[in-house]
Amino acid sequence: MHNIEALKENLIAGKADEVRKNVKEALSLGLSAQTILDEGLVKAMDIVGKRFKANEIYVPEVLIAARAMHAGMDILKPLFVKQGVKKIGKIVIGTVSGDLHDIGKNLVAVMMEGAGFEVIDLGVDISPEKFVDAVRKEKPTFLGMSALLTTTMLSMLKVINALKEAGLRDKVKVITGGAPVSREFAKEIGADGYADDARGAVEIARKLM
Ligand code: B1M
């Protein structure tokens with residue numbers, strides 16, 4: 001079987017060790033890290049998402065698939081991140097309050113790092129207070145927020161309001177993203193930018209510099 005097909009099947013089945021092996025094999029066959037990410041890991045996770053939505057699989061299966069995705073990403077990450085290159089800016093990033101989805105946010109973090117930004121990843125379920133504290137402490141160029149649930153996307157507005165209250169809103173550019181977030185929504189809540197994927201996040205950051 002073609003290596004990428006095997007990788008996808010193993011990711012969907014949540015076989016982290018196999019995924020690690022498949023990613024290493026794909027690299028040794030000369031496939032680029034970007035191709036393995038786009039055509040393998042992300043496509044497989046898309047299939048997982050569709051099956052989850054259709055109630056063909058449930059949270060435990062999705063969780064082990066997510067773990068397998070992270071296992072693959074861990075191998076690719078150093079290949080995206082250039083060592084010793086002077087950083088062109090800093091981004092504080094996190095998934096908003098009440099939301100535990102981090103695969104997309106992690107991809108954005110890897111791509112931003114690869115593009116030469118210093119990334120401070122706060123993790124998941126980050127409260128407005130924590131975002132504000134991090135902006136105060138780190139003085140980043142960008143604040144990136146990710147939300148995957150329609151019930152948590154409004155937390156982004158809470159963060160923006162909290163930044164205003166802290167007198168920090170004009171000190172940082174706010175970038176938003178995640179499946180339910182749209183350009184219109186981002187504009188409505190007063191964010192500076194929106195991206196629908198990780199590469200788009202890098203593009204918008206470069207544009208806003
Ligand atoms: Co959740 N989940 N989930 N889930 N989950 C969704 C989001 C859902 C759409 C599935 C569905 O029912 N159709 C649905 C949300 C419905 C809605 O609100 N409209 C849903 C639900 C309901 C839930 C629970 C409530 C389920 C339950 O418990 N009953 C629960 C909530 C938990 C919580 O957060 N409080 C839950 C739990 C989970 C798991 C823990 C099992 C797992 C998360 C594991 C993890 O992340 N570590 C999970 C997963 C994996 C998914 C799906 C299947 C896949 C998400 C994903 O990782 N996609 C998802 C279905 C789907 O999206 N199709 C689903 C791959 C990833 C690469 O894409 O995250 O979109 P994505 O990120 C992209 C872009 O959006 C963008 O770039 C990324 C890379 O290209 N992007 C940004 C993301 N952040 C960005 C930030 C930016 C810019 C771009 O700037 C800063």
# chains A, B, ... in the order shown; residues from 1 in each chain; ligands from 1
call {"tool": "select_by_dssp", "arguments": {"residues": "segment 38-165 of chain A", "states": "strand (DSSP E)", "output": "PyMOL selection string"}}
result
chain A and resi 89-96+117-126+142-146
call {"tool": "write_last_selection", "arguments": {"atoms": "N, CA and C atoms", "output": "PDB file, in the first residue's frame"}}
result
ATOM      1  N   GLY A  89       9.008  38.074  15.084  1.00  0.00           N
ATOM      2  CA  GLY A  89       7.902  38.595  15.886  1.00  0.00           C
ATOM      3  C   GLY A  89       7.510  37.542  16.894  1.00  0.00           C
ATOM      4  N   LYS A  90       6.574  37.911  17.751  1.00  0.00           N
ATOM      5  CA  LYS A  90       6.179  36.960  18.797  1.00  0.00           C
ATOM      6  C   LYS A  90       4.658  36.795  18.784  1.00  0.00           C
ATOM      7  N   ILE A  91       4.195  35.554  18.974  1.00  0.00           N
ATOM      8  CA  ILE A  91       2.754  35.319  19.084  1.00  0.00           C
ATOM      9  C   ILE A  91       2.449  34.517  20.355  1.00  0.00           C
ATOM     10  N   VAL A  92       1.480  35.007  21.083  1.00  0.00           N
ATOM     11  CA  VAL A  92       0.925  34.244  22.202  1.00  0.00           C
ATOM     12  C   VAL A  92      -0.321  33.576  21.651  1.00  0.00           C
ATOM     13  N   ILE A  93      -0.440  32.271  21.826  1.00  0.00           N
ATOM     14  CA  ILE A  93      -1.572  31.565  21.218  1.00  0.00           C
ATOM     15  C   ILE A  93      -2.225  30.624  22.237  1.00  0.00           C
ATOM     16  N   GLY A  94      -3.530  30.417  22.082  1.00  0.00           N
ATOM     17  CA  GLY A  94      -4.216  29.479  22.959  1.00  0.00           C
ATOM     18  C   GLY A  94      -5.613  29.177  22.458  1.00  0.00           C
ATOM     19  N   THR A  95      -6.192  28.103  22.992  1.00  0.00           N
ATOM     20  CA  THR A  95      -7.589  27.784  22.717  1.00  0.00           C
ATOM     21  C   THR A  95      -8.423  28.407  23.834  1.00  0.00           C
ATOM     22  N   VAL A  96      -9.550  29.003  23.457  1.00  0.00           N
ATOM     23  CA  VAL A  96     -10.309  29.812  24.414  1.00  0.00           C
ATOM     24  C   VAL A  96     -10.975  28.980  25.522  1.00  0.00           C
ATOM     25  N   PHE A 117       8.435  33.022  13.749  1.00  0.00           N
ATOM     26  CA  PHE A 117       7.891  33.717  14.914  1.00  0.00           C
ATOM     27  C   PHE A 117       8.240  32.949  16.186  1.00  0.00           C
ATOM     28  N   GLU A 118       8.445  33.691  17.267  1.00  0.00           N
ATOM     29  CA  GLU A 118       8.559  33.047  18.575  1.00  0.00           C
ATOM     30  C   GLU A 118       7.137  32.753  19.039  1.00  0.00           C
ATOM     31  N   VAL A 119       6.866  31.514  19.443  1.00  0.00           N
ATOM     32  CA  VAL A 119       5.507  31.124  19.812  1.00  0.00           C
ATOM     33  C   VAL A 119       5.420  30.819  21.305  1.00  0.00           C
ATOM     34  N   ILE A 120       4.519  31.491  21.979  1.00  0.00           N
ATOM     35  CA  ILE A 120       4.230  31.166  23.380  1.00  0.00           C
ATOM     36  C   ILE A 120       2.859  30.494  23.363  1.00  0.00           C
ATOM     37  N   ASP A 121       2.855  29.177  23.559  1.00  0.00           N
ATOM     38  CA  ASP A 121       1.597  28.425  23.491  1.00  0.00           C
ATOM     39  C   ASP A 121       1.039  28.243  24.902  1.00  0.00           C
ATOM     40  N   LEU A 122      -0.100  28.868  25.152  1.00  0.00           N
ATOM     41  CA  LEU A 122      -0.681  28.808  26.499  1.00  0.00           C
ATOM     42  C   LEU A 122      -1.449  27.509  26.732  1.00  0.00           C
ATOM     43  N   GLY A 123      -1.805  26.805  25.655  1.00  0.00           N
ATOM     44  CA  GLY A 123      -2.549  25.553  25.794  1.00  0.00           C
ATOM     45  C   GLY A 123      -4.028  25.726  25.525  1.00  0.00           C
ATOM     46  N   VAL A 124      -4.836  24.910  26.205  1.00  0.00           N
ATOM     47  CA  VAL A 124      -6.293  24.927  25.950  1.00  0.00           C
ATOM     48  C   VAL A 124      -7.053  25.497  27.148  1.00  0.00           C
ATOM     49  N   ASP A 125      -8.327  25.814  26.920  1.00  0.00           N
ATOM     50  CA  ASP A 125      -9.213  26.284  27.998  1.00  0.00           C
ATOM     51  C   ASP A 125      -8.619  27.513  28.700  1.00  0.00           C
ATOM     52  N   ILE A 126      -8.220  28.480  27.917  1.00  0.00           N
ATOM     53  CA  ILE A 126      -7.537  29.659  28.467  1.00  0.00           C
ATOM     54  C   ILE A 126      -8.543  30.785  28.733  1.00  0.00           C
ATOM     55  N   PHE A 142       1.462  39.476  18.278  1.00  0.00           N
ATOM     56  CA  PHE A 142       0.136  38.908  17.993  1.00  0.00           C
ATOM     57  C   PHE A 142      -0.415  38.114  19.171  1.00  0.00           C
ATOM     58  N   LEU A 143      -1.744  38.154  19.258  1.00  0.00           N
ATOM     59  CA  LEU A 143      -2.435  37.229  20.148  1.00  0.00           C
ATOM     60  C   LEU A 143      -3.303  36.346  19.251  1.00  0.00           C
ATOM     61  N   GLY A 144      -3.085  35.046  19.284  1.00  0.00           N
ATOM     62  CA  GLY A 144      -3.864  34.116  18.453  1.00  0.00           C
ATOM     63  C   GLY A 144      -4.840  33.331  19.308  1.00  0.00           C
ATOM     64  N   MET A 145      -6.102  33.335  18.874  1.00  0.00           N
ATOM     65  CA  MET A 145      -7.109  32.564  19.617  1.00  0.00           C
ATOM     66  C   MET A 145      -7.759  31.550  18.693  1.00  0.00           C
ATOM     67  N   SER A 146      -7.936  30.335  19.224  1.00  0.00           N
ATOM     68  CA  SER A 146      -8.574  29.271  18.465  1.00  0.00           C
ATOM     69  C   SER A 146      -9.826  28.823  19.217  1.00  0.00           C
TER      70      SER A 146
END
call {"tool": "closest_atom_pairs", "arguments": {"of": "chain A", "to": "ligand 1", "cutoff": "7 Å", "atoms": "only C-alpha atoms and all ligand atoms", "output": "tab-separated table"}}
result
residue	atom	partner	partner_atom_place_in_ligand_line	distance
A:Val42	CA	ligand 1	67 (C)	5.6
A:Met45	CA	ligand 1	65 (C)	5.4
A:Asp46	CA	ligand 1	63 (N)	5.8
A:Val48	CA	ligand 1	53 (C)	5.7
A:Gly49	CA	ligand 1	53 (C)	3.5
A:Lys50	CA	ligand 1	63 (N)	5.8
A:Phe52	CA	ligand 1	53 (C)	5.7
A:Lys53	CA	ligand 1	13 (N)	3.9
A:Val59	CA	ligand 1	41 (C)	4.3
A:Pro60	CA	ligand 1	41 (C)	6.4
A:Val62	CA	ligand 1	41 (C)	4.9
A:Leu63	CA	ligand 1	41 (C)	4.6
A:Ala66	CA	ligand 1	44 (C)	5.4
A:Ile93	CA	ligand 1	91 (C)	6.4
A:Gly98	CA	ligand 1	35 (N)	5.2
A:Asp99	CA	ligand 1	34 (O)	3.5
A:Leu100	CA	ligand 1	34 (O)	3.6
A:His101	CA	ligand 1	46 (O)	3.3
A:Asp102	CA	ligand 1	46 (O)	3.9
A:Ile103	CA	ligand 1	57 (O)	4.5
A:Gly104	CA	ligand 1	72 (O)	3.2
A:Lys105	CA	ligand 1	84 (N)	4.4
A:Leu107	CA	ligand 1	79 (C)	5.5
A:Val108	CA	ligand 1	77 (O)	6.0
A:Gly144	CA	ligand 1	91 (C)	3.5
A:Met145	CA	ligand 1	91 (C)	4.4
A:Ser146	CA	ligand 1	84 (N)	4.1
A:Ala147	CA	ligand 1	84 (N)	6.3
A:Leu148	CA	ligand 1	7 (C)	4.7
A:Leu149	CA	ligand 1	18 (O)	3.4
A:Thr150	CA	ligand 1	18 (O)	4.0
A:Thr151	CA	ligand 1	18 (O)	5.9
A:Ile175	CA	ligand 1	91 (C)	4.9
A:Thr176	CA	ligand 1	90 (O)	4.2
A:Gly177	CA	ligand 1	87 (C)	3.6
A:Gly178	CA	ligand 1	75 (O)	3.3
A:Ala179	CA	ligand 1	75 (O)	4.1
A:Pro180	CA	ligand 1	19 (N)	6.4
A:Tyr194	CA	ligand 1	88 (C)	6.3
A:Ala195	CA	ligand 1	88 (C)	4.6
A:Asp196	CA	ligand 1	76 (C)	4.9
A:Asp197	CA	ligand 1	77 (O)	3.3
A:Ala198	CA	ligand 1	77 (O)	4.3
A:Gly200	CA	ligand 1	89 (C)	7.0
A:Ala201	CA	ligand 1	88 (C)	4.9
call {"tool": "select_by_dssp", "arguments": {"residues": "chain A", "states": "alpha helix (DSSP H)", "output": "VMD selection string"}}
result
chain A and resid 3 to 12 16 to 28 33 to 35 43 to 53 59 to 80 103 to 114 128 to 138 155 to 165 183 to 188 198 to 208
call {"tool": "write_last_selection", "arguments": {"atoms": "C-alpha atoms", "output": "mmCIF file, in the first residue's frame"}}
result
data_model
loop_
_atom_site.group_PDB
_atom_site.id
_atom_site.type_symbol
_atom_site.label_atom_id
_atom_site.label_comp_id
_atom_site.auth_asym_id
_atom_site.auth_seq_id
_atom_site.Cartn_x
_atom_site.Cartn_y
_atom_site.Cartn_z
ATOM 1 C CA ASN A 3 2.816 4.917 2.407
ATOM 2 C CA ILE A 4 0.502 7.940 2.751
ATOM 3 C CA GLU A 5 -2.577 5.705 2.513
ATOM 4 C CA ALA A 6 -1.165 3.465 5.253
ATOM 5 C CA LEU A 7 -0.432 6.543 7.342
ATOM 6 C CA LYS A 8 -4.020 7.774 6.967
ATOM 7 C CA GLU A 9 -5.486 4.395 7.861
ATOM 8 C CA ASN A 10 -3.266 4.090 10.916
ATOM 9 C CA LEU A 11 -4.108 7.598 12.082
ATOM 10 C CA ILE A 12 -7.829 6.966 11.714
ATOM 11 C CA ALA A 16 0.279 6.195 17.158
ATOM 12 C CA ASP A 17 3.353 3.953 16.866
ATOM 13 C CA GLU A 18 2.429 2.970 13.309
ATOM 14 C CA VAL A 19 1.835 6.617 12.395
ATOM 15 C CA ARG A 20 5.289 7.510 13.732
ATOM 16 C CA LYS A 21 6.760 4.721 11.594
ATOM 17 C CA ASN A 22 4.789 5.821 8.504
ATOM 18 C CA VAL A 23 5.890 9.453 8.882
ATOM 19 C CA LYS A 24 9.550 8.409 9.166
ATOM 20 C CA GLU A 25 9.168 6.133 6.130
ATOM 21 C CA ALA A 26 7.506 8.891 4.113
ATOM 22 C CA LEU A 27 10.384 11.247 4.935
ATOM 23 C CA SER A 28 12.929 8.604 3.932
ATOM 24 C CA ALA A 33 7.112 17.472 5.715
ATOM 25 C CA GLN A 34 4.443 19.767 4.246
ATOM 26 C CA THR A 35 3.110 17.009 1.931
ATOM 27 C CA LYS A 43 -6.620 14.566 5.448
ATOM 28 C CA ALA A 44 -6.922 11.641 7.868
ATOM 29 C CA MET A 45 -8.116 13.947 10.646
ATOM 30 C CA ASP A 46 -10.714 15.363 8.218
ATOM 31 C CA ILE A 47 -12.045 11.835 7.726
ATOM 32 C CA VAL A 48 -12.130 11.337 11.506
ATOM 33 C CA GLY A 49 -14.116 14.578 11.785
ATOM 34 C CA LYS A 50 -16.643 13.458 9.182
ATOM 35 C CA ARG A 51 -17.127 10.070 10.850
ATOM 36 C CA PHE A 52 -17.528 11.730 14.247
ATOM 37 C CA LYS A 53 -20.129 14.090 12.827
ATOM 38 C CA VAL A 59 -15.183 10.609 21.503
ATOM 39 C CA PRO A 60 -12.759 7.819 22.592
ATOM 40 C CA GLU A 61 -11.929 6.933 18.979
ATOM 41 C CA VAL A 62 -11.477 10.600 18.126
ATOM 42 C CA LEU A 63 -9.184 11.032 21.108
ATOM 43 C CA ILE A 64 -6.897 8.172 20.133
ATOM 44 C CA ALA A 65 -6.844 9.430 16.534
ATOM 45 C CA ALA A 66 -5.892 12.879 17.888
ATOM 46 C CA ARG A 67 -3.097 11.261 19.902
ATOM 47 C CA ALA A 68 -1.831 9.532 16.748
ATOM 48 C CA MET A 69 -1.975 12.882 14.906
ATOM 49 C CA HIS A 70 0.160 14.479 17.620
ATOM 50 C CA ALA A 71 2.644 11.593 17.416
ATOM 51 C CA GLY A 72 3.061 12.301 13.696
ATOM 52 C CA MET A 73 3.279 16.043 14.221
ATOM 53 C CA ASP A 74 6.000 15.628 16.844
ATOM 54 C CA ILE A 75 8.267 14.111 14.200
ATOM 55 C CA LEU A 76 7.476 16.777 11.607
ATOM 56 C CA LYS A 77 7.684 19.774 13.935
ATOM 57 C CA PRO A 78 11.507 20.145 13.994
ATOM 58 C CA LEU A 79 11.490 20.091 10.197
ATOM 59 C CA PHE A 80 9.231 23.143 10.053
ATOM 60 C CA ILE A 103 -4.943 20.034 17.042
ATOM 61 C CA GLY A 104 -5.633 23.036 14.790
ATOM 62 C CA LYS A 105 -4.106 25.467 17.284
ATOM 63 C CA ASN A 106 -0.976 23.297 17.478
ATOM 64 C CA LEU A 107 -0.707 23.282 13.682
ATOM 65 C CA VAL A 108 -0.938 27.067 13.625
ATOM 66 C CA ALA A 109 1.769 27.216 16.328
ATOM 67 C CA VAL A 110 4.076 24.921 14.326
ATOM 68 C CA MET A 111 3.576 26.896 11.106
ATOM 69 C CA MET A 112 4.140 30.230 12.858
ATOM 70 C CA GLU A 113 7.299 28.905 14.445
ATOM 71 C CA GLY A 114 8.420 27.592 11.082
ATOM 72 C CA PRO A 128 -9.620 35.945 29.283
ATOM 73 C CA GLU A 129 -7.569 36.773 32.394
ATOM 74 C CA LYS A 130 -4.832 34.326 31.375
ATOM 75 C CA PHE A 131 -4.701 35.739 27.829
ATOM 76 C CA VAL A 132 -4.483 39.274 29.199
ATOM 77 C CA ASP A 133 -1.758 38.327 31.705
ATOM 78 C CA ALA A 134 0.270 36.696 28.937
ATOM 79 C CA VAL A 135 -0.053 39.767 26.696
ATOM 80 C CA ARG A 136 1.060 41.987 29.581
ATOM 81 C CA LYS A 137 4.023 39.758 30.400
ATOM 82 C CA GLU A 138 5.186 38.676 26.936
ATOM 83 C CA SER A 155 -15.080 33.813 24.476
ATOM 84 C CA MET A 156 -12.972 35.558 21.847
ATOM 85 C CA LEU A 157 -15.061 38.680 22.322
ATOM 86 C CA LYS A 158 -14.599 38.394 26.082
ATOM 87 C CA VAL A 159 -10.820 38.304 25.594
ATOM 88 C CA ILE A 160 -10.911 41.370 23.337
ATOM 89 C CA ASN A 161 -13.030 43.233 25.890
ATOM 90 C CA ALA A 162 -10.672 42.186 28.670
ATOM 91 C CA LEU A 163 -7.724 43.501 26.634
ATOM 92 C CA LYS A 164 -9.556 46.821 26.244
ATOM 93 C CA GLU A 165 -10.257 47.007 29.972
ATOM 94 C CA ARG A 183 -14.072 36.392 8.623
ATOM 95 C CA GLU A 184 -17.362 38.179 9.357
ATOM 96 C CA PHE A 185 -17.388 36.968 12.957
ATOM 97 C CA ALA A 186 -13.786 38.077 13.437
ATOM 98 C CA LYS A 187 -14.660 41.520 12.101
ATOM 99 C CA GLU A 188 -17.759 41.731 14.261
ATOM 100 C CA ALA A 198 -2.547 27.322 9.542
ATOM 101 C CA ARG A 199 -0.857 28.628 6.432
ATOM 102 C CA GLY A 200 -3.413 31.426 6.238
ATOM 103 C CA ALA A 201 -2.515 32.348 9.814
ATOM 104 C CA VAL A 202 1.117 32.860 8.780
ATOM 105 C CA GLU A 203 0.029 34.929 5.762
ATOM 106 C CA ILE A 204 -2.243 37.182 7.791
ATOM 107 C CA ALA A 205 0.465 37.643 10.446
ATOM 108 C CA ARG A 206 2.982 38.679 7.803
ATOM 109 C CA LYS A 207 0.449 41.082 6.317
ATOM 110 C CA LEU A 208 -0.328 42.666 9.686
#
call {"tool": "atom_distance", "arguments": {"atom1": "atom CA of Ala13 of chain A", "atom2": "atom CA of Glu56 of chain A"}}
result
12.9 Å
call {"tool": "decode", "arguments": {"residues": "segment 170-196 of chain A", "atoms": "N, CA, C and O atoms", "output": "mmCIF file, in the first residue's frame"}}
result
data_model
loop_
_atom_site.group_PDB
_atom_site.id
_atom_site.type_symbol
_atom_site.label_atom_id
_atom_site.label_comp_id
_atom_site.auth_asym_id
_atom_site.auth_seq_id
_atom_site.Cartn_x
_atom_site.Cartn_y
_atom_site.Cartn_z
ATOM 1 N N ASP A 170 -4.601 48.106 22.005
ATOM 2 C CA ASP A 170 -3.823 48.664 20.889
ATOM 3 C C ASP A 170 -2.347 48.264 20.930
ATOM 4 O O ASP A 170 -1.548 48.694 20.118
ATOM 5 N N LYS A 171 -2.009 47.382 21.858
ATOM 6 C CA LYS A 171 -0.602 46.950 21.964
ATOM 7 C C LYS A 171 -0.363 45.632 21.242
ATOM 8 O O LYS A 171 0.768 45.171 21.129
ATOM 9 N N VAL A 172 -1.439 44.985 20.771
ATOM 10 C CA VAL A 172 -1.299 43.651 20.197
ATOM 11 C C VAL A 172 -2.308 43.456 19.068
ATOM 12 O O VAL A 172 -3.410 44.007 19.116
ATOM 13 N N LYS A 173 -1.901 42.713 18.034
ATOM 14 C CA LYS A 173 -2.838 42.413 16.940
ATOM 15 C C LYS A 173 -3.479 41.060 17.231
ATOM 16 O O LYS A 173 -2.785 40.079 17.541
ATOM 17 N N VAL A 174 -4.789 41.002 17.123
ATOM 18 C CA VAL A 174 -5.517 39.783 17.475
ATOM 19 C C VAL A 174 -5.886 38.995 16.216
ATOM 20 O O VAL A 174 -6.517 39.517 15.303
ATOM 21 N N ILE A 175 -5.457 37.727 16.186
ATOM 22 C CA ILE A 175 -5.786 36.835 15.061
ATOM 23 C C ILE A 175 -6.670 35.702 15.584
ATOM 24 O O ILE A 175 -6.393 35.120 16.636
ATOM 25 N N THR A 176 -7.722 35.407 14.844
ATOM 26 C CA THR A 176 -8.655 34.367 15.293
ATOM 27 C C THR A 176 -8.805 33.279 14.233
ATOM 28 O O THR A 176 -8.577 33.519 13.048
ATOM 29 N N GLY A 177 -9.220 32.096 14.681
ATOM 30 C CA GLY A 177 -9.466 31.009 13.744
ATOM 31 C C GLY A 177 -10.094 29.822 14.441
ATOM 32 O O GLY A 177 -10.309 29.842 15.660
ATOM 33 N N GLY A 178 -10.393 28.790 13.656
ATOM 34 C CA GLY A 178 -11.078 27.599 14.165
ATOM 35 C C GLY A 178 -12.334 27.383 13.337
ATOM 36 O O GLY A 178 -12.886 28.343 12.798
ATOM 37 N N ALA A 179 -12.757 26.117 13.268
ATOM 38 C CA ALA A 179 -13.819 25.744 12.331
ATOM 39 C C ALA A 179 -15.078 26.636 12.347
ATOM 40 O O ALA A 179 -15.546 27.035 11.284
ATOM 41 N N PRO A 180 -15.645 27.009 13.499
ATOM 42 C CA PRO A 180 -16.882 27.786 13.431
ATOM 43 C C PRO A 180 -16.655 29.290 13.225
ATOM 44 O O PRO A 180 -17.615 30.035 13.007
ATOM 45 N N VAL A 181 -15.401 29.709 13.294
ATOM 46 C CA VAL A 181 -15.092 31.150 13.195
ATOM 47 C C VAL A 181 -15.041 31.550 11.721
ATOM 48 O O VAL A 181 -14.544 30.804 10.891
ATOM 49 N N SER A 182 -15.581 32.734 11.420
ATOM 50 C CA SER A 182 -15.542 33.222 10.034
ATOM 51 C C SER A 182 -14.919 34.614 10.005
ATOM 52 O O SER A 182 -14.777 35.255 11.055
ATOM 53 N N ARG A 183 -14.620 35.050 8.803
ATOM 54 C CA ARG A 183 -14.072 36.392 8.623
ATOM 55 C C ARG A 183 -15.039 37.437 9.189
ATOM 56 O O ARG A 183 -14.646 38.376 9.863
ATOM 57 N N GLU A 184 -16.328 37.233 8.905
ATOM 58 C CA GLU A 184 -17.362 38.179 9.357
ATOM 59 C C GLU A 184 -17.396 38.228 10.886
ATOM 60 O O GLU A 184 -17.471 39.295 11.475
ATOM 61 N N PHE A 185 -17.354 37.032 11.494
ATOM 62 C CA PHE A 185 -17.388 36.968 12.957
ATOM 63 C C PHE A 185 -16.175 37.700 13.544
ATOM 64 O O PHE A 185 -16.301 38.485 14.492
ATOM 65 N N ALA A 186 -15.015 37.451 12.940
ATOM 66 C CA ALA A 186 -13.786 38.077 13.437
ATOM 67 C C ALA A 186 -13.913 39.601 13.382
ATOM 68 O O ALA A 186 -13.523 40.304 14.311
ATOM 69 N N LYS A 187 -14.494 40.071 12.273
ATOM 70 C CA LYS A 187 -14.660 41.520 12.101
ATOM 71 C C LYS A 187 -15.632 42.065 13.152
ATOM 72 O O LYS A 187 -15.391 43.089 13.788
ATOM 73 N N GLU A 188 -16.714 41.317 13.317
ATOM 74 C CA GLU A 188 -17.759 41.731 14.261
ATOM 75 C C GLU A 188 -17.232 41.919 15.684
ATOM 76 O O GLU A 188 -17.619 42.856 16.373
ATOM 77 N N ILE A 189 -16.351 41.006 16.106
ATOM 78 C CA ILE A 189 -15.850 41.094 17.486
ATOM 79 C C ILE A 189 -14.643 42.031 17.598
ATOM 80 O O ILE A 189 -14.102 42.231 18.682
ATOM 81 N N GLY A 190 -14.221 42.582 16.459
ATOM 82 C CA GLY A 190 -13.132 43.559 16.497
ATOM 83 C C GLY A 190 -11.741 42.951 16.498
ATOM 84 O O GLY A 190 -10.787 43.567 16.966
ATOM 85 N N ALA A 191 -11.610 41.716 15.941
ATOM 86 C CA ALA A 191 -10.267 41.121 15.798
ATOM 87 C C ALA A 191 -9.572 41.787 14.611
ATOM 88 O O ALA A 191 -10.227 42.375 13.753
ATOM 89 N N ASP A 192 -8.241 41.693 14.575
ATOM 90 C CA ASP A 192 -7.507 42.294 13.456
ATOM 91 C C ASP A 192 -7.419 41.353 12.272
ATOM 92 O O ASP A 192 -7.253 41.794 11.141
ATOM 93 N N GLY A 193 -7.493 40.052 12.539
ATOM 94 C CA GLY A 193 -7.316 39.125 11.433
ATOM 95 C C GLY A 193 -8.011 37.797 11.684
ATOM 96 O O GLY A 193 -8.335 37.438 12.819
ATOM 97 N N TYR A 194 -8.225 37.081 10.577
ATOM 98 C CA TYR A 194 -8.840 35.753 10.629
ATOM 99 C C TYR A 194 -8.135 34.889 9.591
ATOM 100 O O TYR A 194 -7.765 35.372 8.519
ATOM 101 N N ALA A 195 -7.969 33.615 9.916
ATOM 102 C CA ALA A 195 -7.429 32.696 8.909
ATOM 103 C C ALA A 195 -8.185 31.385 8.993
ATOM 104 O O ALA A 195 -8.563 30.958 10.087
ATOM 105 N N ASP A 196 -8.410 30.760 7.837
ATOM 106 C CA ASP A 196 -9.155 29.507 7.890
ATOM 107 C C ASP A 196 -8.252 28.290 7.970
ATOM 108 O O ASP A 196 -8.735 27.177 8.176
#
